[in-house]
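Participant: The structure follows.
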Amino acid sequence: MNKGPFANCPWMKTTCIIVEDIQIAADFLKKFCEKSDLIAVQGHFLNVEDALDFLDEYKPDLIFLDVEMPGANGFELLDKLTYSPKIILTSSKTEYAFDAFQYNVNDYLKKPFTYKRFLEAVKKVQAEMTLPAIAPTPAQAPVMGSDTDFLFIKADDKLVKLKKDDILFIESMRDYVKFVTAGKSYITYSTLKNMEEKLAGQAFVKVHRSYIININKIDDIRGNTIYVQGNTIPVGKGHRDELASRLNIL
Amino acid sequence: MQKVDGNRFVFNERLNAAFLDELFEGDTIYAETVFEDFLKDLPAYWQKVETSYQSKNMTALKTSIHTCKTLFGYVGFTDLQDLCQAFENKCADMTGDLAADFSILSDKKLNAQHIIENEYNRLRKYNESI
């Protein structure tokens, strides 16, 4: 890929930034990027805050993201992203693999990693970048029951039947949504917009760009926060009127 | 690989030589840079470990040990990485007496630093000779 006459042109390469507080680790990444001739490094940031300022403005294709750094960690950066770059997490721990899956990161490199492993990750990301965005397939998207009391979601390699009345709220996780019930959470490949359409007119209301809530499960509302069985859900400014109109306020 | 027939650089047996060979792919010039950076960076990072240990700041101690653990990996001290990880877990759990573990870790770190100093000097001489 990009090994032709324009191989050294930055505009033909995948643009990236490195968010890494350990200089040796960052230097290795820079060296690997240069050696691959596939990636143009636009910047190296020692902390999440500085990286976010840059990301908002320049929106590189890819982020090599360390998890544990002084101040905010890598997952906090993912929570604050305003667009969807490809993400390769870099960590010396494997414990974050599950979180990485939940955040839909594209690959996970355990530090220190070799050039061979780096190249695998980069090629995987670049292959994904050339594919058109894939909409959830019928099998992956939640399937509504005909009596509308339940839905089926694909989670953990099986279709799980979920009673709608058991759902406390639904949380957006970029290309995935998380269904939270009293005892368990399920993550499936879908979008909050898709869920909003499918659950329209029922007990569910969108209260924030990242949350749909089951009105029947609300314990109380204080200010702009909804409390549901120990969970706190923010209410977005643009959703307050809709929420108020759906509540039975005496 | 930047091989010199019959004169390939062989890392110290205390280090994970197989991994270092894969990591540097025979680029002993870069290995020299990394070992030099390690020696330059480790004292400052270890100072943070000492300070947070003395002040019993477990969060800072965990973070600074985590950083040292990563550094040890880049010079092939994979066994020391495991020791750091165990210590990091203890800091996170905030259980048990850390004094004995910290003493062992400090000794091993000192020993590791000596090995890397020697290794850096060997790499420098090797690179000068090729």
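Letters A, B, ... go to the chains of the structure tokens in the order shown; residues in each chain start at 1; ligands are counted from 1 in the same order.
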Please build the interface table for chain A against chain B with a cut-off of 12 Å, listing for each qualifying residue the nearest atom pair and the distance in Å to one decimal; count only C-alpha atoms, order rows by chain and increasing number, and write it as a Markdown table.
Facilitator:
```
| residue | atom | partner | partner_atom | distance |
| --- | --- | --- | --- | --- |
| A:Glu20 | CA | B:Thr67 | CA | 10.9 |
| A:Asp21 | CA | B:Thr67 | CA | 8.7 |
| A:Ile22 | CA | B:Thr67 | CA | 7.2 |
| A:Gln23 | CA | B:Asp41 | CA | 8.7 |
| A:Ile24 | CA | B:Val34 | CA | 6.8 |
| A:Ala25 | CA | B:Tyr74 | CA | 8.0 |
| A:Ala26 | CA | B:Val34 | CA | 11.5 |
| A:Asp27 | CA | B:Val34 | CA | 9.0 |
| A:Phe28 | CA | B:Val34 | CA | 8.9 |
| A:Leu29 | CA | B:Leu23 | CA | 11.9 |
| A:Lys31 | CA | B:Tyr30 | CA | 9.7 |
| A:Phe32 | CA | B:Leu23 | CA | 10.7 |
| A:Asp66 | CA | B:Thr70 | CA | 11.3 |
| A:Val67 | CA | B:His66 | CA | 11.2 |
| A:Glu68 | CA | B:Thr63 | CA | 7.7 |
| A:Met69 | CA | B:Thr63 | CA | 7.7 |
| A:Pro70 | CA | B:Thr63 | CA | 7.5 |
| A:Gly71 | CA | B:Thr63 | CA | 10.3 |
| A:Asn73 | CA | B:Thr63 | CA | 11.2 |
| A:Thr90 | CA | B:Thr70 | CA | 11.0 |
| A:Ser91 | CA | B:Thr70 | CA | 8.6 |
| A:Ser92 | CA | B:Thr70 | CA | 6.1 |
| A:Lys93 | CA | B:Gln85 | CA | 8.6 |
| A:Thr94 | CA | B:Gln85 | CA | 11.2 |
| A:Glu95 | CA | B:Gln85 | CA | 11.4 |
| A:Lys110 | CA | B:Thr70 | CA | 9.9 |
| A:Lys111 | CA | B:Thr70 | CA | 6.9 |
| A:Pro112 | CA | B:Tyr74 | CA | 5.9 |
| A:Phe113 | CA | B:Leu23 | CA | 7.2 |
| A:Thr114 | CA | B:Leu23 | CA | 4.8 |
| A:Tyr115 | CA | B:Leu23 | CA | 6.8 |
| A:Lys116 | CA | B:Glu22 | CA | 8.7 |
| A:Arg117 | CA | B:Leu23 | CA | 10.0 |
| A:Phe118 | CA | B:Leu23 | CA | 10.8 |
```
Participant: Residues of the last selection are to be written out with C-alpha atoms, as a PDB file, in the first residue's frame.
Facilitator:
```
ATOM      1  CA  GLU A  20       2.383   8.444  24.910  1.00  0.00           C
ATOM      2  CA  ASP A  21       4.064   9.728  28.062  1.00  0.00           C
ATOM      3  CA  ILE A  22       7.174   7.516  27.804  1.00  0.00           C
ATOM      4  CA  GLN A  23       9.671   8.975  25.385  1.00  0.00           C
ATOM      5  CA  ILE A  24      11.397   5.678  24.493  1.00  0.00           C
ATOM      6  CA  ALA A  25       8.027   4.142  23.590  1.00  0.00           C
ATOM      7  CA  ALA A  26       7.079   7.157  21.478  1.00  0.00           C
ATOM      8  CA  ASP A  27      10.461   7.119  19.727  1.00  0.00           C
ATOM      9  CA  PHE A  28       9.987   3.471  18.801  1.00  0.00           C
ATOM     10  CA  LEU A  29       6.592   4.251  17.330  1.00  0.00           C
ATOM     11  CA  LYS A  31      10.764   5.009  14.024  1.00  0.00           C
ATOM     12  CA  PHE A  32       8.365   2.212  13.055  1.00  0.00           C
ATOM     13  CA  ASP A  66      -1.312   4.773  25.482  1.00  0.00           C
ATOM     14  CA  VAL A  67      -3.742   3.871  28.255  1.00  0.00           C
ATOM     15  CA  GLU A  68      -2.026   4.782  31.510  1.00  0.00           C
ATOM     16  CA  MET A  69      -0.655   8.285  31.556  1.00  0.00           C
ATOM     17  CA  PRO A  70      -0.414  10.970  34.207  1.00  0.00           C
ATOM     18  CA  GLY A  71      -3.710  12.869  34.366  1.00  0.00           C
ATOM     19  CA  ASN A  73      -6.063   8.059  30.702  1.00  0.00           C
ATOM     20  CA  THR A  90      -0.652   0.667  23.219  1.00  0.00           C
ATOM     21  CA  SER A  91      -0.190  -0.585  26.756  1.00  0.00           C
ATOM     22  CA  SER A  92       2.176  -2.728  28.764  1.00  0.00           C
ATOM     23  CA  LYS A  93      -0.852  -4.390  30.342  1.00  0.00           C
ATOM     24  CA  THR A  94      -3.179  -6.901  28.747  1.00  0.00           C
ATOM     25  CA  GLU A  95      -5.916  -6.218  31.284  1.00  0.00           C
ATOM     26  CA  LYS A 110       1.283  -4.714  24.167  1.00  0.00           C
ATOM     27  CA  LYS A 111       4.446  -2.702  24.843  1.00  0.00           C
ATOM     28  CA  PRO A 112       7.162  -3.291  23.969  1.00  0.00           C
ATOM     29  CA  PHE A 113       6.098  -4.597  20.579  1.00  0.00           C
ATOM     30  CA  THR A 114       8.145  -5.513  17.527  1.00  0.00           C
ATOM     31  CA  TYR A 115       8.056  -3.914  14.091  1.00  0.00           C
ATOM     32  CA  LYS A 116       6.362  -7.040  12.747  1.00  0.00           C
ATOM     33  CA  ARG A 117       3.482  -6.694  15.202  1.00  0.00           C
ATOM     34  CA  PHE A 118       3.266  -2.948  14.541  1.00  0.00           C
TER      35      PHE A 118
END
```
Participant: Which residues come within 8 Å of Phe45 of chain A, counting only C-alpha atoms, excluding same-chain residues fewer than 5 positions away, as a list in words?
Facilitator: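 Final neighbour list, sorted by chain and number: Ile17, Ile18, Val19, Glu20, Asp21, Asp50 and Ala51 of chain A.
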Participant: With DSSP run on the backbone, what are the helix (DSSP H, G or I) residues within segment 62-137 of chain A? I'd like them as a ChimeraX atom specification.
Facilitator: /A:74-80,97-102,115-130
Participant: Create the file for the chosen residues now, containing N, CA and C atoms and written as a PDB file, in the first residue's frame.
Facilitator:
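Output (out-v9.pdb):
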```
ATOM      1  N   GLY A  74      -6.123   6.994  28.537  1.00  0.00           N
ATOM      2  CA  GLY A  74      -6.483   6.869  27.125  1.00  0.00           C
ATOM      3  C   GLY A  74      -7.974   6.718  26.888  1.00  0.00           C
ATOM      4  N   PHE A  75      -8.664   5.998  27.769  1.00  0.00           N
ATOM      5  CA  PHE A  75     -10.103   5.794  27.573  1.00  0.00           C
ATOM      6  C   PHE A  75     -10.873   7.109  27.742  1.00  0.00           C
ATOM      7  N   GLU A  76     -10.351   7.975  28.594  1.00  0.00           N
ATOM      8  CA  GLU A  76     -11.004   9.272  28.759  1.00  0.00           C
ATOM      9  C   GLU A  76     -10.881  10.091  27.472  1.00  0.00           C
ATOM     10  N   LEU A  77      -9.759   9.923  26.787  1.00  0.00           N
ATOM     11  CA  LEU A  77      -9.628  10.593  25.485  1.00  0.00           C
ATOM     12  C   LEU A  77     -10.693  10.054  24.519  1.00  0.00           C
ATOM     13  N   LEU A  78     -10.877   8.744  24.507  1.00  0.00           N
ATOM     14  CA  LEU A  78     -11.869   8.154  23.598  1.00  0.00           C
ATOM     15  C   LEU A  78     -13.268   8.681  23.902  1.00  0.00           C
ATOM     16  N   ASP A  79     -13.550   8.885  25.184  1.00  0.00           N
ATOM     17  CA  ASP A  79     -14.867   9.407  25.566  1.00  0.00           C
ATOM     18  C   ASP A  79     -15.104  10.813  25.026  1.00  0.00           C
ATOM     19  N   LYS A  80     -14.014  11.536  24.814  1.00  0.00           N
ATOM     20  CA  LYS A  80     -14.167  12.944  24.439  1.00  0.00           C
ATOM     21  C   LYS A  80     -13.978  13.204  22.942  1.00  0.00           C
ATOM     22  N   ALA A  97      -7.697  -5.233  27.566  1.00  0.00           N
ATOM     23  CA  ALA A  97      -8.212  -5.786  26.303  1.00  0.00           C
ATOM     24  C   ALA A  97      -9.739  -5.744  26.254  1.00  0.00           C
ATOM     25  N   PHE A  98     -10.388  -6.056  27.375  1.00  0.00           N
ATOM     26  CA  PHE A  98     -11.855  -6.046  27.375  1.00  0.00           C
ATOM     27  C   PHE A  98     -12.387  -4.636  27.170  1.00  0.00           C
ATOM     28  N   ASP A  99     -11.774  -3.679  27.881  1.00  0.00           N
ATOM     29  CA  ASP A  99     -12.184  -2.281  27.695  1.00  0.00           C
ATOM     30  C   ASP A  99     -11.966  -1.862  26.244  1.00  0.00           C
ATOM     31  N   ALA A 100     -10.845  -2.336  25.691  1.00  0.00           N
ATOM     32  CA  ALA A 100     -10.529  -1.988  24.305  1.00  0.00           C
ATOM     33  C   ALA A 100     -11.622  -2.489  23.372  1.00  0.00           C
ATOM     34  N   PHE A 101     -12.109  -3.698  23.642  1.00  0.00           N
ATOM     35  CA  PHE A 101     -13.194  -4.250  22.836  1.00  0.00           C
ATOM     36  C   PHE A 101     -14.450  -3.394  22.982  1.00  0.00           C
ATOM     37  N   GLN A 102     -14.728  -3.007  24.212  1.00  0.00           N
ATOM     38  CA  GLN A 102     -15.932  -2.209  24.444  1.00  0.00           C
ATOM     39  C   GLN A 102     -15.871  -0.875  23.711  1.00  0.00           C
ATOM     40  N   TYR A 115       8.469  -4.558  15.342  1.00  0.00           N
ATOM     41  CA  TYR A 115       8.056  -3.914  14.091  1.00  0.00           C
ATOM     42  C   TYR A 115       7.055  -4.795  13.347  1.00  0.00           C
ATOM     43  N   LYS A 116       7.254  -6.097  13.431  1.00  0.00           N
ATOM     44  CA  LYS A 116       6.362  -7.040  12.747  1.00  0.00           C
ATOM     45  C   LYS A 116       4.929  -6.883  13.278  1.00  0.00           C
ATOM     46  N   ARG A 117       4.812  -6.825  14.592  1.00  0.00           N
ATOM     47  CA  ARG A 117       3.482  -6.694  15.202  1.00  0.00           C
ATOM     48  C   ARG A 117       2.875  -5.324  14.886  1.00  0.00           C
ATOM     49  N   PHE A 118       3.715  -4.302  14.888  1.00  0.00           N
ATOM     50  CA  PHE A 118       3.266  -2.948  14.541  1.00  0.00           C
ATOM     51  C   PHE A 118       2.678  -2.942  13.129  1.00  0.00           C
ATOM     52  N   LEU A 119       3.407  -3.572  12.203  1.00  0.00           N
ATOM     53  CA  LEU A 119       3.001  -3.568  10.801  1.00  0.00           C
ATOM     54  C   LEU A 119       1.671  -4.301  10.601  1.00  0.00           C
ATOM     55  N   GLU A 120       1.505  -5.382  11.334  1.00  0.00           N
ATOM     56  CA  GLU A 120       0.227  -6.117  11.265  1.00  0.00           C
ATOM     57  C   GLU A 120      -0.933  -5.204  11.646  1.00  0.00           C
ATOM     58  N   ALA A 121      -0.732  -4.473  12.742  1.00  0.00           N
ATOM     59  CA  ALA A 121      -1.793  -3.592  13.236  1.00  0.00           C
ATOM     60  C   ALA A 121      -2.094  -2.485  12.227  1.00  0.00           C
ATOM     61  N   VAL A 122      -1.043  -1.897  11.681  1.00  0.00           N
ATOM     62  CA  VAL A 122      -1.223  -0.784  10.742  1.00  0.00           C
ATOM     63  C   VAL A 122      -1.914  -1.262   9.463  1.00  0.00           C
ATOM     64  N   LYS A 123      -1.499  -2.397   8.971  1.00  0.00           N
ATOM     65  CA  LYS A 123      -2.111  -2.913   7.741  1.00  0.00           C
ATOM     66  C   LYS A 123      -3.575  -3.276   7.960  1.00  0.00           C
ATOM     67  N   LYS A 124      -3.861  -3.776   9.137  1.00  0.00           N
ATOM     68  CA  LYS A 124      -5.247  -4.106   9.466  1.00  0.00           C
ATOM     69  C   LYS A 124      -6.101  -2.833   9.451  1.00  0.00           C
ATOM     70  N   VAL A 125      -5.578  -1.790  10.081  1.00  0.00           N
ATOM     71  CA  VAL A 125      -6.304  -0.513  10.129  1.00  0.00           C
ATOM     72  C   VAL A 125      -6.482   0.049   8.718  1.00  0.00           C
ATOM     73  N   GLN A 126      -5.426   0.004   7.930  1.00  0.00           N
ATOM     74  CA  GLN A 126      -5.524   0.568   6.586  1.00  0.00           C
ATOM     75  C   GLN A 126      -6.509  -0.227   5.727  1.00  0.00           C
ATOM     76  N   ALA A 127      -6.558  -1.523   5.932  1.00  0.00           N
ATOM     77  CA  ALA A 127      -7.529  -2.341   5.184  1.00  0.00           C
ATOM     78  C   ALA A 127      -8.948  -1.931   5.577  1.00  0.00           C
ATOM     79  N   GLU A 128      -9.154  -1.674   6.852  1.00  0.00           N
ATOM     80  CA  GLU A 128     -10.483  -1.260   7.318  1.00  0.00           C
ATOM     81  C   GLU A 128     -10.860   0.113   6.779  1.00  0.00           C
ATOM     82  N   MET A 129      -9.838   0.949   6.601  1.00  0.00           N
ATOM     83  CA  MET A 129     -10.112   2.307   6.106  1.00  0.00           C
ATOM     84  C   MET A 129     -10.545   2.307   4.646  1.00  0.00           C
ATOM     85  N   THR A 130     -10.148   1.303   3.908  1.00  0.00           N
ATOM     86  CA  THR A 130     -10.511   1.260   2.492  1.00  0.00           C
ATOM     87  C   THR A 130     -11.901   0.666   2.284  1.00  0.00           C
TER      88      THR A 130
END
```
Participant: Which polymer residues have any atom within 12 Å of an atom of Lys59 of chain A, counting only C-alpha atoms, with same-chain residues fewer than 5 positions away left out, as a PyMOL selection string?
Facilitator: chain A and resi 14-17+42-43+51-54+81-86
Participant: Counting only C-alpha atoms, which residue out of B:Ala44, B:Leu15, B:Cys91, B:Ala31 sits closest to Ile115 of chain B?
Facilitator: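 Result for the nearest residue to Ile115 of chain B: B:Leu15.
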Participant: Have a look at atom CA of Ile88 of chain A and atom CA of Lys193 of chain A and let me know their distance in Å, one decimal.
Facilitator: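 Value for the atom CA of Ile88 of chain A-atom CA of Lys193 of chain A distance: 26.1 Å.
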Participant: Could you check the closest approach to Met173 of chain A for each of A:Phe150, A:Tyr227, A:Tyr103, A:Tyr211 and tell me which residue wins, using only C-alpha atoms?
Facilitator: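 The closest residue to Met173 of chain A is A:Tyr103.
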Participant: Find the spatial neighbours of Tyr176 of chain A, counting only C-alpha atoms, within a cut-off of 6 Å - ignore same-chain residues fewer than 2 positions away - and output them as a PyMOL selection string.
Facilitator: chain A and resi 173-174+188-191
Participant: Figure out the distance between atom CA of Leu61 of chain B and atom CA of Val49 of chain B, please, to one decimal in Å.
Facilitator: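 Atom CA of Leu61 of chain B lies 5.5 Å from atom CA of Val49 of chain B.
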